$ cat entry.cif   # mmCIF, C-alpha atoms
data_work
#
loop_
_atom_site.label_atom_id
_atom_site.label_comp_id
_atom_site.auth_asym_id
_atom_site.auth_seq_id
_atom_site.Cartn_x
_atom_site.Cartn_y
_atom_site.Cartn_z
CA MET A 1 7.61 4.79 24.97
CA PHE A 2 7.77 1.76 27.27
CA GLY A 3 3.99 1.75 27.72
CA ALA A 4 3.33 2.03 23.97
CA PHE A 5 5.74 -0.83 23.10
CA LEU A 6 4.36 -3.00 25.92
CA ILE A 7 0.73 -2.57 24.78
CA ILE A 8 1.66 -3.30 21.15
CA TYR A 9 3.55 -6.42 22.19
CA LEU A 10 0.79 -7.75 24.49
CA VAL A 11 -1.95 -7.17 21.88
CA THR A 12 0.24 -8.84 19.22
CA LEU A 13 0.94 -11.76 21.53
CA MET A 14 -2.70 -12.28 22.53
CA GLY A 15 -4.11 -11.80 19.02
CA ASN A 16 -1.74 -14.26 17.34
CA ALA A 17 -1.85 -16.80 20.21
CA LEU A 18 -5.66 -16.72 20.06
CA ILE A 19 -5.65 -17.48 16.32
CA ILE A 20 -3.17 -20.37 16.75
CA THR A 21 -5.25 -21.85 19.61
CA ILE A 22 -8.66 -21.48 17.92
CA ILE A 23 -7.50 -23.09 14.67
CA PHE A 24 -5.79 -25.89 16.61
CA LEU A 25 -8.93 -26.66 18.67
CA ASP A 26 -11.61 -26.30 15.97
CA GLN A 27 -11.51 -29.22 13.52
CA SER A 28 -13.71 -27.37 10.99
CA LEU A 29 -10.89 -24.83 10.50
CA HIS A 30 -8.34 -27.50 9.53
CA ILE A 31 -8.37 -26.42 5.88
CA PRO A 32 -5.51 -24.73 3.92
CA MET A 33 -6.82 -21.16 4.30
CA TYR A 34 -6.84 -21.30 8.11
CA LEU A 35 -3.75 -23.49 8.44
CA PHE A 36 -1.82 -20.90 6.40
CA LEU A 37 -3.19 -18.26 8.78
CA GLN A 38 -2.07 -20.34 11.77
CA ASN A 39 1.47 -20.48 10.37
CA LEU A 40 1.41 -16.72 9.70
CA SER A 41 0.32 -16.06 13.29
CA LEU A 42 3.14 -18.26 14.60
CA VAL A 43 5.65 -16.33 12.47
CA ASP A 44 4.26 -12.97 13.60
CA LEU A 45 4.27 -14.01 17.26
CA CYS A 46 7.92 -15.15 17.02
CA PHE A 47 8.90 -12.10 14.92
CA SER A 48 7.58 -9.72 17.56
CA THR A 49 9.12 -11.75 20.42
CA VAL A 50 12.60 -11.59 18.86
CA ILE A 51 12.52 -7.77 18.89
CA THR A 52 10.11 -6.20 21.39
CA PRO A 53 11.30 -7.72 24.73
CA GLU A 54 14.85 -6.49 24.00
CA ILE A 55 13.51 -2.97 23.30
CA LEU A 56 11.48 -3.09 26.55
CA VAL A 57 14.58 -4.09 28.54
CA VAL A 58 16.55 -1.20 27.04
CA LEU A 59 13.74 1.28 27.79
CA THR A 60 13.47 0.01 31.39
CA THR A 61 17.14 -0.30 32.37
CA GLU A 62 18.55 2.29 29.94
CA LYS A 63 21.36 -0.20 29.38
CA ALA A 64 21.48 -0.27 25.59
CA THR A 65 24.07 -3.02 25.14
CA ILE A 66 23.90 -6.38 23.41
CA SER A 67 26.54 -9.11 23.20
CA PHE A 68 28.05 -10.19 19.88
CA GLY A 69 26.33 -13.60 20.16
CA ASN A 70 22.93 -12.13 21.01
CA CYS A 71 23.23 -9.66 18.14
CA PHE A 72 23.97 -12.57 15.77
CA ALA A 73 20.97 -14.53 17.12
CA GLN A 74 18.61 -11.55 16.88
CA MET A 75 19.61 -10.81 13.27
CA TYR A 76 19.31 -14.50 12.36
CA PHE A 77 15.76 -14.83 13.70
CA ILE A 78 14.64 -11.48 12.25
CA LEU A 79 15.74 -12.71 8.80
CA LEU A 80 14.29 -16.20 9.39
CA PHE A 81 10.82 -15.01 10.39
CA GLY A 82 10.84 -12.08 7.95
CA GLY A 83 11.83 -14.31 5.03
CA THR A 84 9.30 -16.98 6.00
CA GLU A 85 6.53 -14.37 6.17
CA CYS A 86 7.42 -13.12 2.67
CA PHE A 87 6.90 -16.60 1.21
CA LEU A 88 3.87 -17.41 3.38
CA LEU A 89 1.99 -14.28 2.29
CA GLY A 90 2.66 -15.27 -1.33
CA ALA A 91 1.34 -18.81 -0.68
CA MET A 92 -1.76 -17.39 1.04
CA ALA A 93 -2.49 -15.13 -1.93
CA TYR A 94 -2.18 -18.13 -4.28
CA ASP A 95 -4.57 -20.09 -2.02
CA ARG A 96 -7.18 -17.28 -2.18
CA PHE A 97 -6.71 -16.98 -5.96
CA ALA A 98 -7.34 -20.73 -6.40
CA ALA A 99 -10.38 -20.67 -4.06
CA ILE A 100 -12.08 -17.64 -5.66
CA CYS A 101 -11.08 -17.97 -9.32
CA HIS A 102 -11.22 -21.79 -9.58
CA PRO A 103 -13.71 -22.91 -6.89
CA LEU A 104 -14.62 -26.23 -8.56
CA SER A 105 -11.03 -27.43 -8.95
CA TYR A 106 -9.81 -25.83 -5.68
CA PRO A 107 -9.74 -29.12 -3.67
CA VAL A 108 -7.44 -30.60 -6.34
CA ILE A 109 -5.25 -27.47 -6.74
CA MET A 110 -4.80 -26.96 -3.00
CA ASN A 111 -4.78 -30.49 -1.61
CA LYS A 112 -3.02 -31.50 1.60
CA ARG A 113 0.23 -32.39 -0.18
CA VAL A 114 0.43 -29.02 -2.02
CA PHE A 115 -0.35 -27.16 1.23
CA LEU A 116 2.42 -28.99 3.12
CA LYS A 117 4.92 -28.35 0.32
CA LEU A 118 4.14 -24.61 0.28
CA VAL A 119 4.43 -24.30 4.08
CA MET A 120 7.65 -26.34 4.24
CA CYS A 121 9.19 -24.37 1.36
CA SER A 122 8.32 -21.09 3.13
CA TRP A 123 10.03 -22.16 6.37
CA ILE A 124 13.05 -23.76 4.66
CA SER A 125 13.53 -20.66 2.45
CA GLY A 126 13.44 -18.45 5.56
CA ILE A 127 16.07 -20.62 7.27
CA MET A 128 18.32 -20.53 4.18
CA VAL A 129 18.06 -16.74 3.82
CA ALA A 130 18.82 -16.22 7.52
CA THR A 131 21.78 -18.63 7.53
CA VAL A 132 23.50 -17.20 4.43
CA GLN A 133 22.93 -13.51 5.21
CA THR A 134 23.73 -13.57 8.94
CA THR A 135 26.87 -15.67 8.48
CA TRP A 136 28.08 -13.36 5.70
CA VAL A 137 27.42 -10.15 7.68
CA PHE A 138 29.27 -11.44 10.75
CA SER A 139 32.22 -12.65 8.67
CA PHE A 140 33.26 -9.01 8.08
CA PRO A 141 35.85 -7.44 10.40
CA TYR A 142 34.43 -4.81 12.77
CA CYS A 143 36.76 -2.14 14.09
CA GLY A 144 36.44 1.31 15.60
CA HIS A 145 33.26 2.22 17.48
CA ARG A 146 30.64 -0.49 17.96
CA GLU A 147 27.53 1.61 18.43
CA ILE A 148 24.58 0.46 16.32
CA ASN A 149 22.38 3.46 15.56
CA HIS A 150 19.20 1.39 15.51
CA LEU A 151 16.57 -0.22 17.75
CA PHE A 152 17.83 -3.78 17.21
CA CYS A 153 20.47 -5.83 15.35
CA GLU A 154 19.31 -5.58 11.75
CA THR A 155 21.53 -6.07 8.69
CA PRO A 156 21.78 -2.46 7.35
CA PRO A 157 22.85 -0.70 10.61
CA VAL A 158 25.26 -3.51 11.57
CA LEU A 159 26.79 -3.50 8.09
CA GLU A 160 27.63 0.21 8.45
CA LEU A 161 30.13 -0.71 11.19
CA ALA A 162 32.08 -3.12 8.98
CA CYS A 163 35.58 -1.90 8.10
CA ALA A 164 35.85 -3.88 4.85
CA ASP A 165 34.58 -3.69 1.27
CA THR A 166 30.94 -4.80 1.39
CA PHE A 167 30.16 -4.22 -2.32
CA LEU A 168 29.60 -7.93 -3.11
CA PHE A 169 27.27 -8.31 -0.14
CA GLU A 170 25.31 -5.23 -1.22
CA VAL A 171 24.87 -6.75 -4.70
CA TYR A 172 23.69 -9.99 -3.05
CA ALA A 173 21.34 -8.04 -0.74
CA PHE A 174 19.84 -6.16 -3.72
CA THR A 175 19.38 -9.36 -5.76
CA GLY A 176 18.11 -11.31 -2.76
CA THR A 177 15.56 -8.63 -1.88
CA ILE A 178 14.26 -8.64 -5.46
CA LEU A 179 13.80 -12.43 -5.34
CA ILE A 180 12.60 -12.79 -1.73
CA VAL A 181 10.52 -9.62 -1.34
CA MET A 182 9.62 -8.10 -4.71
CA VAL A 183 8.83 -11.33 -6.64
CA PRO A 184 6.31 -12.64 -4.02
CA PHE A 185 4.83 -9.14 -3.78
CA LEU A 186 4.30 -8.94 -7.56
CA LEU A 187 2.76 -12.44 -7.55
CA ILE A 188 0.41 -11.32 -4.75
CA LEU A 189 -0.60 -8.25 -6.77
CA LEU A 190 -1.24 -10.43 -9.85
CA SER A 191 -3.30 -12.89 -7.77
CA TYR A 192 -5.42 -10.10 -6.31
CA THR A 193 -5.87 -8.50 -9.74
CA ARG A 194 -7.32 -11.79 -11.01
CA ILE A 195 -9.42 -12.07 -7.85
CA LEU A 196 -10.81 -8.54 -8.34
CA PHE A 197 -11.77 -9.31 -11.96
CA THR A 198 -13.59 -12.44 -10.74
CA ILE A 199 -15.34 -10.39 -8.02
CA LEU A 200 -16.56 -7.86 -10.61
CA LYS A 201 -18.45 -10.68 -12.33
CA MET A 202 -20.37 -11.52 -9.14
CA PRO A 203 -24.13 -10.89 -9.48
CA SER A 204 -24.58 -9.82 -5.83
CA THR A 205 -23.66 -6.20 -4.99
CA THR A 206 -23.29 -7.08 -1.28
CA GLY A 207 -20.95 -9.95 -2.16
CA ARG A 208 -18.84 -7.65 -4.33
CA GLN A 209 -18.58 -4.99 -1.62
CA LYS A 210 -17.59 -7.57 1.02
CA ALA A 211 -14.97 -9.15 -1.26
CA PHE A 212 -13.55 -5.72 -2.22
CA SER A 213 -13.33 -4.75 1.46
CA THR A 214 -11.50 -8.00 2.33
CA CYS A 215 -9.06 -7.67 -0.60
CA ALA A 216 -8.35 -4.02 0.26
CA SER A 217 -7.51 -4.83 3.90
CA HIS A 218 -5.27 -7.76 2.88
CA LEU A 219 -3.44 -5.62 0.32
CA THR A 220 -2.94 -2.83 2.90
CA SER A 221 -1.17 -5.25 5.27
CA VAL A 222 0.87 -6.83 2.45
CA THR A 223 1.93 -3.44 1.01
CA LEU A 224 2.99 -2.18 4.46
CA PHE A 225 5.11 -5.30 5.06
CA TYR A 226 6.70 -5.68 1.62
CA GLY A 227 7.05 -1.94 0.96
CA THR A 228 8.99 -1.08 4.12
CA ALA A 229 11.03 -4.33 4.02
CA SER A 230 12.10 -3.77 0.40
CA ILE A 231 13.13 -0.14 1.06
CA THR A 232 15.22 -1.34 4.06
CA TYR A 233 16.99 -4.22 2.32
CA LEU A 234 17.30 -3.15 -1.34
CA GLN A 235 20.09 -0.76 -0.35
CA PRO A 236 21.62 -1.81 2.99
CA LYS A 237 23.81 1.32 3.01
CA SER A 238 21.17 3.76 1.79
CA ARG A 239 21.30 7.46 2.68
CA TYR A 240 18.03 7.55 4.58
CA SER A 241 18.33 9.18 8.01
CA PRO A 242 18.69 6.79 11.01
CA ASP A 243 15.25 7.88 12.29
CA THR A 244 13.62 7.06 8.94
CA LYS A 245 15.26 3.62 8.94
CA LYS A 246 14.02 3.00 12.48
CA LEU A 247 10.43 3.90 11.53
CA MET A 248 10.52 1.66 8.43
CA SER A 249 11.87 -1.24 10.48
CA LEU A 250 9.17 -0.81 13.12
CA ALA A 251 6.50 -0.79 10.40
CA TYR A 252 7.22 -4.34 9.23
CA THR A 253 8.52 -5.84 12.49
CA LEU A 254 5.91 -4.48 14.95
CA LEU A 255 2.94 -3.02 13.05
CA THR A 256 2.42 -5.92 10.62
CA PRO A 257 2.31 -8.62 13.37
CA LEU A 258 -0.12 -6.36 15.28
CA LEU A 259 -2.42 -5.74 12.29
CA ASN A 260 -2.47 -9.22 10.73
CA PRO A 261 -4.73 -10.83 13.40
CA LEU A 262 -7.17 -7.90 13.06
CA ILE A 263 -7.16 -7.95 9.25
CA TYR A 264 -7.24 -11.70 8.63
CA SER A 265 -9.43 -12.83 11.54
CA LEU A 266 -11.80 -10.27 13.05
CA ARG A 267 -13.35 -9.72 9.60
CA ASN A 268 -13.80 -13.48 9.14
CA LYS A 269 -17.17 -15.07 10.01
CA GLU A 270 -15.75 -18.57 10.46
CA MET A 271 -13.17 -17.34 12.97
CA LYS A 272 -15.82 -15.39 14.89
CA ARG A 273 -18.08 -18.46 14.93
CA ALA A 274 -15.20 -20.63 16.23
CA VAL A 275 -14.47 -18.11 19.03
CA VAL A 276 -18.15 -18.03 20.08
CA LYS A 277 -18.35 -21.86 19.98
CA LEU A 278 -15.21 -22.30 22.12
CA TRP A 279 -16.37 -19.62 24.56
CA GLY A 280 -19.78 -21.31 24.82
CA ARG A 281 -18.10 -24.66 25.50
CA LYS A 282 -15.97 -23.07 28.26
CA VAL A 283 -19.01 -21.43 29.89
CA ALA A 284 -20.93 -24.73 29.75
CA LEU A 285 -18.04 -26.56 31.47
CA HIS A 286 -17.91 -23.94 34.26
CA THR A 287 -21.69 -24.13 34.72
CA ALA A 288 -21.59 -27.93 34.92
#

$ encode --input "entry.cif" --output "structure tokens"
Amino acid sequence: MFGAFLIIYLVTLMGNALIITIIFLDQSLHIPMYLFLQNLSLVDLCFSTVITPEILVVLTTEKATISFGNCFAQMYFILLFGGTECFLLGAMAYDRFAAICHPLSYPVIMNKRVFLKLVMCSWISGIMVATVQTTWVFSFPYCGHREINHLFCETPPVLELACADTFLFEVYAFTGTILIVMVPFLLILLSYTRILFTILKMPSTTGRQKAFSTCASHLTSVTLFYGTASITYLQPKSRYSPDTKKLMSLAYTLLTPLLNPLIYSLRNKEMKRAVVKLWGRKVALHTA
């Protein structure tokens, strides 16, 4: 298990760090599409770092304990980066919709000011969600045993230890998940539906196939992230078995950050070109 988690973490780290670096160094990639991707990679890198090192420590030392403060911090950052990713994926889908469905007016629709507003709103919304939810969860009294039957400090398993009426919080969690997870997901589906209709009108068969392939891979990643996150948070005290909850949590906290660099970058010609250019520049410097 240690080896599997370590490989996943290292690949996630390298993949997302590479995207952040390439976009930062290549001026031609300083456009909304790639700057959104850079923010997504930063979120995924941080998301994975909040969770995986703690799991690796537990697997190595077999000391599965975490302090109250560290548990609070871990839950806070899981919600912060998870919430930010929800909004960022929605913004990225809107960006692709504007670029493909309205190419002539795209520079006006997605100008620098609009891009900055969307990115800032995504991060601020993530911070607000994390602050409200984490503070509320840790305001409950906890008595009896303090064993969290989970891989990390996430809201649902921690909430099960509370010895107080959590009905109001569960209503908030249900409503919040609808607004934070389901609404962006539905907007993404609507954006991609419009994109697909636009693709169908393309005269080139090769162009259609390429666009369909790209849309399908994006939707796979988005469905995996939103699907498992919504199942986890719609009902914090659901009757799913602990093992099922653990698998669903791993799907959106470890698999999505691992897959996003592969889905959004390796299939992208501009990113490949930028990698080759930077590698060529490095080789030329060593030769000189």

$ closest_residue --input "entry.cif" --among "A:Ile109, A:Leu18, A:Ile31, A:Leu13" --to "Val50 (chain A)" --atoms "only C-alpha atoms"
A:Leu13

$ closest_residue --input "entry.cif" --among "A:Phe24, A:Phe152, A:Tyr226, A:Tyr106" --to "Cys86 (chain A)" --atoms "all atoms listed in the file"
A:Tyr226

$ atom_distance --input "entry.cif" --atom1 "CA of Thr175 (chain A)" --atom2 "CA of Ile231 (chain A)"
13.1 Å

$ residues_near_point --input "entry.cif" --point "(8.3, -10.7, 11.0)" --cutoff "6 Å" --atoms "only C-alpha atoms" --output "PyMOL selection string"
chain A and resi 44+47+81-82+253

$ residues_around --input "entry.cif" --residues "Leu6 (chain A)" --least-positions-apart "6" --cutoff "10 Å" --atoms "only C-alpha atoms" --output "JSON list (two decimals) with C-alpha atoms, in the frame of the given file"
[["chain", "number", "residue", "atom", "x", "y", "z"],
["A", 12, "THR", "CA", 0.24, -8.84, 19.22],
["A", 52, "THR", "CA", 10.11, -6.20, 21.39],
["A", 53, "PRO", "CA", 11.30, -7.72, 24.73],
["A", 55, "ILE", "CA", 13.51, -2.97, 23.30],
["A", 56, "LEU", "CA", 11.48, -3.09, 26.55]]

$ axis_aligned_box --input "entry.cif" --around "region 5-12 of chain A" --padding-each-side "8 Å" --output "AutoDock Vina command-line options"
--center_x 1.9 --center_y -4.8 --center_z 22.6 --size_x 23.7 --size_y 24.0 --size_z 22.7

$ closest_atom_pairs --input "entry.cif" --of "region 19-75 of chain A" --to "region 256-265 of chain A" --cutoff "12 Å" --atoms "all atoms listed in the file" --output "CSV"
residue,atom,partner,partner_atom,distance
A:Ile19,CA,A:Pro261,CA,7.3
A:Ile20,CA,A:Pro261,CA,10.2
A:Ile22,CA,A:Ser265,CA,10.8
A:Ile23,CA,A:Ser265,CA,10.9
A:Met33,CA,A:Tyr264,CA,10.4
A:Tyr34,CA,A:Ser265,CA,9.5
A:Phe36,CA,A:Tyr264,CA,10.9
A:Leu37,CA,A:Tyr264,CA,7.7
A:Gln38,CA,A:Pro261,CA,10.0
A:Asn39,CA,A:Pro261,CA,11.9
A:Leu40,CA,A:Asn260,CA,8.5
A:Ser41,CA,A:Pro261,CA,7.3
A:Leu42,CA,A:Pro257,CA,9.8
A:Val43,CA,A:Pro257,CA,8.5
A:Asp44,CA,A:Pro257,CA,4.8
A:Leu45,CA,A:Pro257,CA,6.9
A:Cys46,CA,A:Pro257,CA,9.4
A:Phe47,CA,A:Pro257,CA,7.6
A:Ser48,CA,A:Pro257,CA,6.8
A:Thr49,CA,A:Pro257,CA,10.3
A:Ile51,CA,A:Pro257,CA,11.6
A:Thr52,CA,A:Pro257,CA,11.4

$ closest_residue --input "entry.cif" --among "A:Leu219, A:Val57, A:Leu29, A:Val114" --to "Ala274 (chain A)" --atoms "only C-alpha atoms"
A:Leu29

$ atom_distance --input "entry.cif" --atom1 "CA of Phe174 (chain A)" --atom2 "CA of Pro157 (chain A)"
15.6 Å

$ atom_distance --input "entry.cif" --atom1 "CA of Thr166 (chain A)" --atom2 "CA of Thr135 (chain A)"
13.6 Å

$ closest_residue --input "entry.cif" --among "A:Gly227, A:Pro32, A:Gly3, A:Pro242" --to "Leu88 (chain A)" --atoms "all atoms listed in the file"
A:Pro32

$ residues_around --input "entry.cif" --residues "region 186-202 of chain A" --least-positions-apart "4" --cutoff "9 Å" --atoms "all atoms listed in the file" --output "NGL selection string"
:A and (89-94 or 96-98 or 100-101 or 181-182 or 207-209 or 211-212 or 215 or 219 or 222)

$ closest_residue --input "entry.cif" --among "A:His145, A:His102, A:Lys277, A:Lys112" --to "His30 (chain A)" --atoms "all atoms listed in the file"
A:Lys112

$ residues_around --input "entry.cif" --residues "Leu80 (chain A)" --least-positions-apart "4" --cutoff "7 Å" --atoms "only C-alpha atoms" --output "list in words"
Tyr76, Thr84, Gly126, Ile127, Val129 and Ala130 of chain A

$ closest_residue --input "entry.cif" --among "A:Thr65, A:Ala4, A:Phe115, A:Thr228" --to "Ala251 (chain A)" --atoms "all atoms listed in the file"
A:Thr228

$ resolve_selection --input "entry.cif" --expression "the PyMOL selection byres ((chain A and resi 158) around 10)" --output "PyMOL selection string"
chain A and resi 71+75+137-138+142+146-150+152-157+159-162+236-237

$ write_last_selection --input "entry.cif" --atoms "C-alpha atoms" --output "PDB file, keeping the file's coordinate frame"
ATOM      1  CA  CYS A  71      23.230  -9.660  18.140  1.00  0.00           C
ATOM      2  CA  MET A  75      19.610 -10.810  13.270  1.00  0.00           C
ATOM      3  CA  VAL A 137      27.420 -10.150   7.680  1.00  0.00           C
ATOM      4  CA  PHE A 138      29.270 -11.440  10.750  1.00  0.00           C
ATOM      5  CA  TYR A 142      34.430  -4.810  12.770  1.00  0.00           C
ATOM      6  CA  ARG A 146      30.640  -0.490  17.960  1.00  0.00           C
ATOM      7  CA  GLU A 147      27.530   1.610  18.430  1.00  0.00           C
ATOM      8  CA  ILE A 148      24.580   0.460  16.320  1.00  0.00           C
ATOM      9  CA  ASN A 149      22.380   3.460  15.560  1.00  0.00           C
ATOM     10  CA  HIS A 150      19.200   1.390  15.510  1.00  0.00           C
ATOM     11  CA  PHE A 152      17.830  -3.780  17.210  1.00  0.00           C
ATOM     12  CA  CYS A 153      20.470  -5.830  15.350  1.00  0.00           C
ATOM     13  CA  GLU A 154      19.310  -5.580  11.750  1.00  0.00           C
ATOM     14  CA  THR A 155      21.530  -6.070   8.690  1.00  0.00           C
ATOM     15  CA  PRO A 156      21.780  -2.460   7.350  1.00  0.00           C
ATOM     16  CA  PRO A 157      22.850  -0.700  10.610  1.00  0.00           C
ATOM     17  CA  LEU A 159      26.790  -3.500   8.090  1.00  0.00           C
ATOM     18  CA  GLU A 160      27.630   0.210   8.450  1.00  0.00           C
ATOM     19  CA  LEU A 161      30.130  -0.710  11.190  1.00  0.00           C
ATOM     20  CA  ALA A 162      32.080  -3.120   8.980  1.00  0.00           C
ATOM     21  CA  PRO A 236      21.620  -1.810   2.990  1.00  0.00           C
ATOM     22  CA  LYS A 237      23.810   1.320   3.010  1.00  0.00           C
TER      23      LYS A 237
END

$ build_atoms --input "entry.cif" --residues "region 163-172 of chain A" --atoms "all heavy atoms" --output "PDB file, keeping the file's coordinate frame"
ATOM      1  N   CYS A 163      34.457  -2.632   8.672  1.00  0.00           N
ATOM      2  CA  CYS A 163      35.580  -1.900   8.100  1.00  0.00           C
ATOM      3  C   CYS A 163      36.229  -2.763   7.005  1.00  0.00           C
ATOM      4  O   CYS A 163      37.383  -3.182   7.102  1.00  0.00           O
ATOM      5  CB  CYS A 163      36.591  -1.499   9.164  1.00  0.00           C
ATOM      6  SG  CYS A 163      37.055  -2.831  10.274  1.00  0.00           S
ATOM      7  N   ALA A 164      35.399  -3.080   5.991  1.00  0.00           N
ATOM      8  CA  ALA A 164      35.850  -3.880   4.850  1.00  0.00           C
ATOM      9  C   ALA A 164      34.956  -3.536   3.662  1.00  0.00           C
ATOM     10  O   ALA A 164      33.912  -2.891   3.828  1.00  0.00           O
ATOM     11  CB  ALA A 164      35.760  -5.365   5.168  1.00  0.00           C
ATOM     12  N   ASP A 165      35.363  -3.946   2.477  1.00  0.00           N
ATOM     13  CA  ASP A 165      34.580  -3.690   1.270  1.00  0.00           C
ATOM     14  C   ASP A 165      33.359  -4.610   1.269  1.00  0.00           C
ATOM     15  O   ASP A 165      33.490  -5.840   1.233  1.00  0.00           O
ATOM     16  CB  ASP A 165      35.434  -3.952   0.027  1.00  0.00           C
ATOM     17  CG  ASP A 165      34.697  -3.595  -1.264  1.00  0.00           C
ATOM     18  OD1 ASP A 165      33.609  -2.982  -1.169  1.00  0.00           O
ATOM     19  OD2 ASP A 165      35.195  -3.945  -2.357  1.00  0.00           O
ATOM     20  N   THR A 166      32.172  -4.006   1.328  1.00  0.00           N
ATOM     21  CA  THR A 166      30.940  -4.800   1.390  1.00  0.00           C
ATOM     22  C   THR A 166      30.165  -4.769   0.072  1.00  0.00           C
ATOM     23  O   THR A 166      28.975  -5.088   0.040  1.00  0.00           O
ATOM     24  CB  THR A 166      30.022  -4.275   2.528  1.00  0.00           C
ATOM     25  OG1 THR A 166      29.725  -2.882   2.273  1.00  0.00           O
ATOM     26  CG2 THR A 166      30.690  -4.413   3.888  1.00  0.00           C
ATOM     27  N   PHE A 167      30.842  -4.389  -1.030  1.00  0.00           N
ATOM     28  CA  PHE A 167      30.160  -4.220  -2.320  1.00  0.00           C
ATOM     29  C   PHE A 167      29.469  -5.511  -2.761  1.00  0.00           C
ATOM     30  O   PHE A 167      28.308  -5.493  -3.176  1.00  0.00           O
ATOM     31  CB  PHE A 167      31.153  -3.762  -3.396  1.00  0.00           C
ATOM     32  CG  PHE A 167      30.532  -3.673  -4.770  1.00  0.00           C
ATOM     33  CD1 PHE A 167      29.653  -2.649  -5.090  1.00  0.00           C
ATOM     34  CD2 PHE A 167      30.803  -4.645  -5.732  1.00  0.00           C
ATOM     35  CE1 PHE A 167      29.068  -2.574  -6.350  1.00  0.00           C
ATOM     36  CE2 PHE A 167      30.217  -4.582  -6.992  1.00  0.00           C
ATOM     37  CZ  PHE A 167      29.353  -3.544  -7.298  1.00  0.00           C
ATOM     38  N   LEU A 168      30.183  -6.645  -2.680  1.00  0.00           N
ATOM     39  CA  LEU A 168      29.600  -7.930  -3.110  1.00  0.00           C
ATOM     40  C   LEU A 168      28.361  -8.285  -2.287  1.00  0.00           C
ATOM     41  O   LEU A 168      27.369  -8.776  -2.825  1.00  0.00           O
ATOM     42  CB  LEU A 168      30.634  -9.055  -2.983  1.00  0.00           C
ATOM     43  CG  LEU A 168      31.565  -9.279  -4.178  1.00  0.00           C
ATOM     44  CD1 LEU A 168      32.556 -10.395  -3.862  1.00  0.00           C
ATOM     45  CD2 LEU A 168      30.779  -9.610  -5.441  1.00  0.00           C
ATOM     46  N   PHE A 169      28.428  -8.020  -0.988  1.00  0.00           N
ATOM     47  CA  PHE A 169      27.270  -8.310  -0.140  1.00  0.00           C
ATOM     48  C   PHE A 169      26.095  -7.417  -0.519  1.00  0.00           C
ATOM     49  O   PHE A 169      24.942  -7.869  -0.528  1.00  0.00           O
ATOM     50  CB  PHE A 169      27.608  -8.105   1.338  1.00  0.00           C
ATOM     51  CG  PHE A 169      26.427  -8.351   2.243  1.00  0.00           C
ATOM     52  CD1 PHE A 169      26.110  -9.634   2.638  1.00  0.00           C
ATOM     53  CD2 PHE A 169      25.616  -7.299   2.657  1.00  0.00           C
ATOM     54  CE1 PHE A 169      25.000  -9.868   3.444  1.00  0.00           C
ATOM     55  CE2 PHE A 169      24.511  -7.527   3.449  1.00  0.00           C
ATOM     56  CZ  PHE A 169      24.202  -8.818   3.852  1.00  0.00           C
ATOM     57  N   GLU A 170      26.380  -6.157  -0.836  1.00  0.00           N
ATOM     58  CA  GLU A 170      25.310  -5.230  -1.220  1.00  0.00           C
ATOM     59  C   GLU A 170      24.638  -5.676  -2.521  1.00  0.00           C
ATOM     60  O   GLU A 170      23.427  -5.543  -2.678  1.00  0.00           O
ATOM     61  CB  GLU A 170      25.861  -3.812  -1.351  1.00  0.00           C
ATOM     62  CG  GLU A 170      26.217  -3.181  -0.003  1.00  0.00           C
ATOM     63  CD  GLU A 170      26.862  -1.818  -0.146  1.00  0.00           C
ATOM     64  OE1 GLU A 170      26.229  -0.931  -0.742  1.00  0.00           O
ATOM     65  OE2 GLU A 170      28.008  -1.649   0.322  1.00  0.00           O
ATOM     66  N   VAL A 171      25.433  -6.206  -3.444  1.00  0.00           N
ATOM     67  CA  VAL A 171      24.870  -6.750  -4.700  1.00  0.00           C
ATOM     68  C   VAL A 171      23.980  -7.951  -4.376  1.00  0.00           C
ATOM     69  O   VAL A 171      22.859  -8.075  -4.902  1.00  0.00           O
ATOM     70  CB  VAL A 171      26.007  -7.175  -5.678  1.00  0.00           C
ATOM     71  CG1 VAL A 171      25.427  -7.935  -6.882  1.00  0.00           C
ATOM     72  CG2 VAL A 171      26.784  -5.955  -6.142  1.00  0.00           C
ATOM     73  N   TYR A 172      24.484  -8.828  -3.473  1.00  0.00           N
ATOM     74  CA  TYR A 172      23.690  -9.990  -3.050  1.00  0.00           C
ATOM     75  C   TYR A 172      22.396  -9.537  -2.371  1.00  0.00           C
ATOM     76  O   TYR A 172      21.313 -10.097  -2.627  1.00  0.00           O
ATOM     77  CB  TYR A 172      24.506 -10.860  -2.085  1.00  0.00           C
ATOM     78  CG  TYR A 172      23.646 -11.693  -1.163  1.00  0.00           C
ATOM     79  CD1 TYR A 172      23.048 -12.869  -1.606  1.00  0.00           C
ATOM     80  CD2 TYR A 172      23.406 -11.281   0.159  1.00  0.00           C
ATOM     81  CE1 TYR A 172      22.233 -13.607  -0.760  1.00  0.00           C
ATOM     82  CE2 TYR A 172      22.599 -12.022   1.005  1.00  0.00           C
ATOM     83  CZ  TYR A 172      22.018 -13.182   0.534  1.00  0.00           C
ATOM     84  OH  TYR A 172      21.202 -13.904   1.373  1.00  0.00           O
TER      85      TYR A 172
END
